[in-house]
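Trainee: Coordinates in input_4.cif, mmCIF, C-alpha atoms, are listed below.
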data_final
loop_
_atom_site.label_atom_id
_atom_site.label_comp_id
_atom_site.auth_asym_id
_atom_site.auth_seq_id
_atom_site.Cartn_x
_atom_site.Cartn_y
_atom_site.Cartn_z
CA MET A 231 95.87 143.36 28.71
CA LYS A 232 92.16 144.13 28.94
CA ILE A 233 89.43 141.64 28.23
CA TRP A 234 86.39 143.23 26.58
CA VAL A 235 83.13 141.26 26.73
CA ASP A 236 80.15 141.78 24.44
CA ALA A 237 78.02 140.97 27.46
CA ASP A 238 74.41 141.31 26.30
CA ALA A 239 74.24 137.76 24.92
CA CYS A 240 77.21 136.19 26.70
CA PRO A 241 76.17 133.07 28.65
CA LYS A 242 76.34 133.40 32.43
CA VAL A 243 78.67 130.40 32.73
CA ILE A 244 81.15 132.09 30.37
CA LYS A 245 81.02 135.29 32.41
CA GLU A 246 81.81 133.23 35.52
CA ILE A 247 84.85 131.68 33.81
CA LEU A 248 85.99 135.18 32.85
CA PHE A 249 85.47 136.48 36.41
CA ARG A 250 87.67 133.70 37.78
CA ALA A 251 90.37 134.24 35.15
CA ALA A 252 90.41 138.01 35.76
CA GLN A 253 90.58 137.49 39.52
CA ARG A 254 93.36 134.89 39.26
CA ARG A 255 95.50 137.03 36.95
CA GLN A 256 94.25 140.43 38.14
CA LEU A 257 93.39 141.39 34.57
CA GLU A 258 91.10 144.24 33.69
CA LEU A 259 87.77 142.73 32.59
CA ILE A 260 85.17 145.07 31.10
CA LEU A 261 81.68 143.82 30.33
CA VAL A 262 79.90 146.10 27.85
CA ALA A 263 76.10 145.94 27.69
CA ASN A 264 73.06 148.12 27.21
CA ALA A 265 71.72 147.28 30.67
CA PRO A 266 73.37 147.18 34.11
CA LEU A 267 75.08 143.90 35.00
CA ALA A 268 76.05 142.46 38.35
CA VAL A 269 79.80 141.89 38.52
CA PRO A 270 82.07 140.79 41.37
CA ARG A 271 83.53 143.59 43.46
CA TYR A 272 87.13 143.59 42.36
CA PRO A 273 88.91 146.76 41.27
CA TYR A 274 89.79 145.25 37.89
CA ILE A 275 86.32 143.95 36.96
CA ARG A 276 83.65 146.39 35.84
CA SER A 277 80.67 146.77 33.60
CA VAL A 278 79.99 149.63 31.24
CA VAL A 279 76.43 150.48 30.23
CA VAL A 280 76.03 151.94 26.76
CA PRO A 281 72.85 153.43 25.28
CA LYS A 282 70.34 151.02 23.79
CA GLY A 283 70.51 150.77 20.04
CA PHE A 284 71.58 148.59 17.18
CA ASP A 285 75.20 147.46 17.69
CA VAL A 286 76.04 150.27 20.16
CA ALA A 287 77.92 147.91 22.48
CA ASP A 288 79.75 146.40 19.51
CA GLN A 289 80.77 149.83 18.23
CA ARG A 290 82.11 150.85 21.64
CA ILE A 291 84.13 147.67 22.02
CA ALA A 292 85.60 148.14 18.54
CA GLU A 293 86.54 151.74 19.46
CA TRP A 294 88.05 150.89 22.85
CA ALA A 295 89.88 147.60 22.19
CA GLU A 296 93.59 147.86 21.38
CA PRO A 297 96.25 145.39 20.25
CA GLY A 298 97.24 143.34 23.27
CA ASP A 299 93.62 143.15 24.46
CA LEU A 300 91.16 140.29 23.97
CA VAL A 301 87.51 140.53 22.87
CA ILE A 302 84.89 137.95 23.82
CA THR A 303 81.95 137.98 21.41
CA ALA A 304 79.64 135.79 19.38
CA ASP A 305 79.06 138.72 17.00
CA ILE A 306 81.01 137.97 13.83
CA PRO A 307 81.02 141.55 12.44
CA LEU A 308 82.44 142.79 15.77
CA ALA A 309 85.03 140.00 15.70
CA ALA A 310 85.96 141.00 12.14
CA ALA A 311 86.36 144.65 13.15
CA VAL A 312 88.66 143.92 16.10
CA VAL A 313 90.69 141.23 14.34
CA GLU A 314 91.34 143.76 11.57
CA GLN A 315 92.73 146.06 14.29
CA GLY A 316 95.08 143.33 15.53
CA VAL A 317 92.95 142.36 18.55
CA PRO A 318 92.24 138.64 19.02
CA ALA A 319 88.62 137.60 19.49
CA LEU A 320 87.11 134.49 21.03
CA ASN A 321 83.50 133.38 20.92
CA PRO A 322 81.71 131.84 23.93
CA ARG A 323 81.95 128.37 22.34
CA GLY A 324 85.75 128.54 22.31
CA GLN A 325 86.32 129.36 18.65
CA ARG A 326 89.12 131.85 18.13
CA TYR A 327 88.58 134.37 15.36
CA THR A 328 91.79 135.09 13.44
CA ALA A 329 92.88 136.92 10.32
CA ASP A 330 92.96 133.47 8.66
CA ASN A 331 89.34 132.52 9.38
CA ILE A 332 87.33 135.70 9.97
CA ARG A 333 86.55 136.44 6.30
CA GLN A 334 85.10 132.94 5.82
CA GLN A 335 83.08 133.30 9.04
CA LEU A 336 81.76 136.70 7.94
CA SER A 337 80.86 135.41 4.46
CA MET A 338 78.96 132.46 5.95
CA ARG A 339 77.13 134.74 8.39
CA ASN A 340 76.13 137.10 5.57
CA PHE A 341 75.00 134.20 3.37
CA MET A 342 72.82 132.79 6.17
CA GLN A 343 71.36 136.25 6.78
CA GLU A 344 70.48 136.52 3.07
CA LEU A 345 68.77 133.13 3.22
CA ARG A 346 66.73 134.21 6.26
CA SER A 347 65.80 137.48 4.52
CA ALA A 348 64.53 135.44 1.58
CA GLY A 349 62.29 133.44 3.93
CA VAL A 350 64.42 130.29 4.13
CA GLU A 351 64.24 128.60 7.54
CA THR A 352 67.85 128.15 8.60
CA GLY A 353 67.37 127.28 12.25
CA GLY A 354 69.38 128.86 15.00
CA PRO A 355 72.64 128.04 16.68
CA ALA A 356 72.98 124.74 18.47
CA ALA A 357 72.16 124.71 22.17
CA PHE A 358 75.04 125.73 24.42
CA HIS A 359 76.62 122.53 25.70
CA PRO A 360 79.08 121.80 28.56
CA ARG A 361 81.68 120.87 25.92
CA ASP A 362 81.34 124.46 24.57
CA GLN A 363 82.05 125.75 28.07
CA GLN A 364 85.14 123.53 28.31
CA ALA A 365 86.33 124.55 24.84
CA PHE A 366 86.01 128.21 25.85
CA ALA A 367 87.91 127.69 29.11
CA ASN A 368 90.69 125.82 27.29
CA GLU A 369 91.07 128.43 24.55
CA LEU A 370 90.94 131.29 27.05
CA GLU A 371 93.73 129.64 29.03
CA LYS A 372 95.87 129.39 25.87
CA LEU A 373 95.29 133.06 25.08
CA LEU A 374 96.17 134.09 28.63
CA GLN A 375 99.30 131.90 28.92
CA PRO A 376 101.69 134.83 28.39
CA VAL A 377 100.01 136.68 31.27
CA PRO A 378 101.50 135.58 34.62
CA ARG A 379 99.19 134.24 37.29
CA ARG A 380 99.01 136.27 40.46
CA GLU A 381 97.96 135.09 43.85
CA PRO A 382 94.84 136.91 45.07
CA ALA A 383 95.44 139.60 47.68
CA ARG A 384 94.61 138.42 51.15
#
Take the structure in this file and express it as structure tokens.
Mentor:
Amino acid sequence: MKIWVDADACPKVIKEILFRAAQRRQLELILVANAPLAVPRYPYIRSVVVPKGFDVADQRIAEWAEPGDLVITADIPLAAAVVEQGVPALNPRGQRYTADNIRQQLSMRNFMQELRSAGVETGGPAAFHPRDQQAFANELEKLLQPVPRREPAR
């Protein structure tokens, strides 16, 4: 299992949860961004820098992710693309994107985008809250349950 992270807008606290989970289970964690990122020095944690451009990181993640992997993203079109490929996706607030809910999420996102394009003030997402962090950690743990924990090398 590889965990792919759409890292450009991923909150630091979520990255830290992912670093700990990858270290504990020795899972490959790949943060994809259009700028260099600092990551812990473990052989299974790395960052990949992609060229700047509209949705370049998203496109790469969609190309590279395979069934059995996990994608962390707040980008609903990316989540839709990977879920369609059989790859589960989780947003930083702990909401799992599934084949059952992704179409509704995508429709709502597109509707809100149309409203904004028409000049309607829709506001932005709610502020990231500690309960979002906890919801993410809980859902990540559920998704990683089949993966055995490993003791860190000493």
Trainee: Go through the shown structure with the PyMOL selection byres ((chain A and resi 313) around 10) and write out the matching residues as a ChimeraX atom specification.
Mentor: /A:292,297,300-301,307-312,314-319,327-330,332
Trainee: Rounded to one decimal place, report the CA of Arg323 in chain A-CA of Asp238 in chain A distance in Å.
Mentor: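 About the pair CA of Arg323 in chain A and CA of Asp238 in chain A: they are 15.5 Å apart.
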Trainee: One number please: CA of Trp234 in chain A to CA of Glu344 in chain A, in Å, one decimal.
Mentor: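 Calculated distance between CA of Trp234 in chain A and CA of Glu344 in chain A is 29.2 Å.
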Trainee: Report as a tab-separated table the residues of range 247-326 of chain A within 9 Å of range 362-375 of chain A, each with its shortest atom pair and distance in Å (one decimal), using all atoms listed in the file, ordered by chain and increasing residue number.
Mentor:
residue	atom	partner	partner_atom	distance
A:Ile247	CA	A:Ala367	CA	6.9
A:Leu248	CA	A:Leu370	CA	8.6
A:Ala251	CA	A:Glu371	CA	8.4
A:Arg255	CA	A:Leu374	CA	8.8
A:Leu300	CA	A:Leu373	CA	8.4
A:Pro318	CA	A:Leu373	CA	8.8
A:Leu320	CA	A:Leu370	CA	7.8
A:Asn321	CA	A:Phe366	CA	7.6
A:Pro322	CA	A:Phe366	CA	5.9
A:Arg323	CA	A:Asp362	CA	4.5
A:Gly324	CA	A:Phe366	CA	3.6
A:Gln325	CA	A:Phe366	CA	7.3
A:Arg326	CA	A:Glu369	CA	7.5
Trainee: As an exercise, work out the distance from CA of Glu293 in chain A to CA of Pro376 in chain A in Å and give it to one decimal place.
Mentor: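 Calculated distance between CA of Glu293 in chain A and CA of Pro376 in chain A is 24.4 Å.
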